[in-house]
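First the structure, in the form of C-alpha cells, and then the observations on it.
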Amino acid sequence: MYVGQNHGILKSALKERGHCAVEKKGIKIAAQNRKAYHDYFVEDRLEAGIELKGTEVKSIRAGTLNLKDSYCVVKNGEAMVYSMHISPYDKGNIFNHDPDRPKRLLLHKREINKLHAFVKQDGYALIPLSVYFKGCRVKVKVGLCKGKKLYDKRQAAAEKDARRQIDRAMKERNQ
C-alpha cells in the first residue's frame with residue numbers, strides 16, 4: 001500500500017469522527033460586541049488567538065458567551081481579556097472552569113508591545129469586538145478603540161437615521 005492511498009483512508013476516518021484537521025476553513029461567528037461600536041471609535045483591528053481550558057470551547061460552540069463589558073489589558077508582556085463571560089458547559093460537571101476568569105490572548109511580542117504603546121496614550125482602550133471560529137480554532141478580534149463623547153454618539157445616531165431614511169426613499173422610488 002502506498003502512502004498516498006493510506007492518507008485517503010486516514011482522512012475519511014478523521015472526517016467521520018469530526019476531527020478539525022479536515023474541517024473547511026470557514027469563519028463562524030460565536031459572539032459580537034455591538035455595544036463597543038456604539039461606545040468607541042474603532043481605530044484598528046487585530047486578530048488574536050485565545051487560551052481556553054477544558055469545556056470552554058464546547059460552551060462557546062453552544063453560544064453561551066457574553067462580550068458586553070469585556071476589555072483587554074497588557075500587563076507583564078501578556079495581553080489578557082477580563083470580564084468575558086463563558087457560561088459553564090451543561091454536561092461538563094467537575095471539569096468546568098470559572099466563567100469570569102481572565103483569559104490570555106495569543107499574540108506575537110511585537111504586536112503586544114505595539115498595543116501597549118497605544119494603550120499608554122490617553123483615551124485608547126483594547127476592546128474585544130467579536131469571537132469566532134476560524135476552522136477549528138477560536139479567535140478574538142480585538143479593536144484599538146478611542147472613547148466616544150455623548151455628542152459623538154448623538155451624531156452617529158443621526159447619521160444612521162439619515163441613512164435609513166435615504167434607503168427608504170430609494171426603495172419607494174424603485175417600486
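Simple scheme: letters A, B, ... for chains in C-alpha cells order, numbers from 1 for residues in each chain, numbers from 1 for ligands in the order shown.
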Practice prompt. For Met80 (chain A), please output as a list of chain:residue names all residues within 12 Å (counting only C-alpha atoms; exclusion window: fewer than 6 positions along the same chain).
Written response: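 The residues that qualify are A:Ala48, A:Gly49, A:Ile50, A:Glu51, A:Leu52, A:Ser70, A:Tyr71, A:Cys72, A:Val73, A:Val74, A:Arg101, A:Pro102, A:Lys103, A:Arg104, A:Leu105, A:Leu106, A:Leu107, A:Ile112, A:His116, A:Leu126, A:Ile127, A:Pro128, A:Val140, A:Val142.
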Go ahead and dump the residues you just picked, C-alpha atoms, as an mmCIF file, in the first residue's frame.
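Saved to out.cif:
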```
data_model
loop_
_atom_site.group_PDB
_atom_site.id
_atom_site.type_symbol
_atom_site.label_atom_id
_atom_site.label_comp_id
_atom_site.auth_asym_id
_atom_site.auth_seq_id
_atom_site.Cartn_x
_atom_site.Cartn_y
_atom_site.Cartn_z
ATOM 1 C CA ALA A 48 -5.649 37.088 18.223
ATOM 2 C CA GLY A 49 -5.868 33.528 19.457
ATOM 3 C CA ILE A 50 -7.185 32.875 22.947
ATOM 4 C CA GLU A 51 -6.071 30.401 25.592
ATOM 5 C CA LEU A 52 -9.064 28.366 26.759
ATOM 6 C CA SER A 70 -15.198 42.860 28.421
ATOM 7 C CA TYR A 71 -11.876 44.640 27.974
ATOM 8 C CA CYS A 72 -8.201 43.775 27.424
ATOM 9 C CA VAL A 73 -5.177 44.755 29.497
ATOM 10 C CA VAL A 74 -1.491 44.438 28.639
ATOM 11 C CA ARG A 101 -11.599 34.093 34.815
ATOM 12 C CA PRO A 102 -9.073 36.223 32.877
ATOM 13 C CA LYS A 103 -8.119 34.650 29.550
ATOM 14 C CA ARG A 104 -4.763 35.146 27.837
ATOM 15 C CA LEU A 105 -4.602 36.395 24.258
ATOM 16 C CA LEU A 106 -2.091 34.725 21.970
ATOM 17 C CA LEU A 107 -0.175 37.448 20.138
ATOM 18 C CA ILE A 112 1.747 43.191 22.276
ATOM 19 C CA HIS A 116 0.815 48.549 24.910
ATOM 20 C CA LEU A 126 -8.357 47.441 23.877
ATOM 21 C CA ILE A 127 -11.852 46.025 23.417
ATOM 22 C CA PRO A 128 -12.797 42.538 22.145
ATOM 23 C CA VAL A 140 -10.819 37.039 19.062
ATOM 24 C CA VAL A 142 -9.509 42.948 19.282
#
```
Worksheet item: Leaving out region 83-90 of chain A and any residue of its chain fewer than 2 positions from it, which residues lie within 10 Å of it when counting only C-alpha atoms, given as JSON, numbers by chain?
Response: {"A": [54, 55, 56, 57, 58, 59, 60, 61, 62, 63, 64, 65, 66, 67, 68, 69, 70, 71, 72, 81, 92, 93, 95, 96, 97, 98, 99, 100, 101, 102, 103, 128]}
With N, CA and C atoms retained, export the selected residues as a short mmCIF file (atom, residue, chain, number, x, y, z; two decimals), in the first residue's frame.
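As written to disk, out12.cif reads:
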```cif
data_model
loop_
_atom_site.label_atom_id
_atom_site.label_comp_id
_atom_site.auth_asym_id
_atom_site.auth_seq_id
_atom_site.Cartn_x
_atom_site.Cartn_y
_atom_site.Cartn_z
N GLY A 54 -10.33 23.27 28.91
CA GLY A 54 -11.35 22.24 29.01
C GLY A 54 -12.61 22.46 28.21
N THR A 55 -13.70 22.64 28.93
CA THR A 55 -15.03 22.67 28.31
C THR A 55 -15.42 24.05 27.78
N GLU A 56 -14.52 25.03 27.88
CA GLU A 56 -14.88 26.38 27.44
C GLU A 56 -15.16 26.43 25.93
N VAL A 57 -14.43 25.67 25.14
CA VAL A 57 -14.66 25.66 23.69
C VAL A 57 -16.04 25.09 23.38
N LYS A 58 -16.41 24.02 24.06
CA LYS A 58 -17.74 23.43 23.85
C LYS A 58 -18.82 24.42 24.25
N SER A 59 -18.58 25.15 25.32
CA SER A 59 -19.54 26.14 25.77
C SER A 59 -19.68 27.28 24.75
N ILE A 60 -18.56 27.70 24.15
CA ILE A 60 -18.61 28.74 23.11
C ILE A 60 -19.35 28.23 21.88
N ARG A 61 -19.12 26.97 21.50
CA ARG A 61 -19.84 26.39 20.37
C ARG A 61 -21.34 26.38 20.63
N ALA A 62 -21.73 26.21 21.89
CA ALA A 62 -23.16 26.21 22.26
C ALA A 62 -23.73 27.63 22.27
N GLY A 63 -22.86 28.65 22.18
CA GLY A 63 -23.33 30.02 22.08
C GLY A 63 -23.55 30.70 23.41
N THR A 64 -22.86 30.28 24.46
CA THR A 64 -23.08 30.86 25.79
C THR A 64 -21.92 31.78 26.16
N LEU A 65 -21.68 32.77 25.31
CA LEU A 65 -20.56 33.69 25.50
C LEU A 65 -21.10 35.11 25.53
N ASN A 66 -20.60 35.93 26.45
CA ASN A 66 -21.04 37.32 26.57
C ASN A 66 -19.82 38.23 26.57
N LEU A 67 -19.78 39.16 25.61
CA LEU A 67 -18.67 40.10 25.49
C LEU A 67 -19.02 41.51 25.97
N LYS A 68 -20.19 41.70 26.53
CA LYS A 68 -20.75 43.03 26.73
C LYS A 68 -19.81 44.01 27.44
N ASP A 69 -19.28 43.68 28.58
CA ASP A 69 -18.44 44.61 29.33
C ASP A 69 -16.98 44.18 29.37
N SER A 70 -16.56 43.38 28.39
CA SER A 70 -15.20 42.86 28.42
C SER A 70 -14.19 43.88 27.90
N TYR A 71 -12.96 43.74 28.36
CA TYR A 71 -11.88 44.64 27.97
C TYR A 71 -10.56 43.88 28.06
N CYS A 72 -9.52 44.41 27.43
CA CYS A 72 -8.20 43.77 27.42
C CYS A 72 -7.20 44.68 28.15
N VAL A 81 -7.74 39.16 28.60
CA VAL A 81 -9.12 39.61 28.44
C VAL A 81 -9.82 39.41 29.78
N GLY A 92 -20.55 19.45 31.61
CA GLY A 92 -19.14 19.49 31.98
C GLY A 92 -18.84 19.06 33.40
N ASN A 93 -19.79 18.91 34.26
CA ASN A 93 -19.69 18.58 35.69
C ASN A 93 -18.46 19.19 36.37
N PHE A 95 -15.41 19.39 35.48
CA PHE A 95 -14.36 19.90 34.60
C PHE A 95 -14.60 21.33 34.17
N ASN A 96 -15.71 21.94 34.60
CA ASN A 96 -15.99 23.33 34.24
C ASN A 96 -15.03 24.27 34.97
N HIS A 97 -14.85 25.44 34.39
CA HIS A 97 -13.95 26.44 34.95
C HIS A 97 -14.74 27.68 35.35
N ASP A 98 -14.08 28.59 36.05
CA ASP A 98 -14.70 29.84 36.47
C ASP A 98 -15.12 30.63 35.23
N PRO A 99 -16.39 31.02 35.13
CA PRO A 99 -16.88 31.70 33.92
C PRO A 99 -16.24 33.05 33.65
N ASP A 100 -15.79 33.76 34.69
CA ASP A 100 -15.25 35.11 34.51
C ASP A 100 -13.74 35.18 34.70
N ARG A 101 -13.05 34.07 34.62
CA ARG A 101 -11.60 34.09 34.81
C ARG A 101 -10.93 34.87 33.68
N PRO A 102 -9.79 35.53 33.95
CA PRO A 102 -9.07 36.22 32.88
C PRO A 102 -8.50 35.22 31.88
N LYS A 103 -8.60 35.55 30.60
CA LYS A 103 -8.12 34.65 29.55
C LYS A 103 -6.99 35.33 28.79
N PRO A 128 -12.46 43.67 23.02
CA PRO A 128 -12.80 42.54 22.14
C PRO A 128 -14.06 42.85 21.34
#
```
Discussion item. Quick check for you: according to DSSP on this backbone, which residues of region 112-148 of chain A are classed as strand (DSSP E)? Reply as a ChimeraX atom specification.
Written reply: /A:124-134,137-147
Response to the item:
Nearest to Ala125 (chain A), restricted to only C-alpha atoms and choosing among A:Ile94, A:Ile29, A:Leu144, A:Ala79, comes out as A:Leu144
Worksheet item: Pick the closest to Ser130 (chain A) from A:Glu47, A:Glu78, A:Glu159, A:Glu172: which is it, counting only C-alpha atoms?
Response: A:Glu47
Worksheet item: Between A:Leu115, A:Gly123, A:Lys134, A:Gln155, which one has atoms that come closest to Leu46 (chain A), using only C-alpha atoms?
Response: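 Nearest candidate to Leu46 (chain A) out of A:Leu115, A:Gly123, A:Lys134, A:Gln155: A:Leu115.
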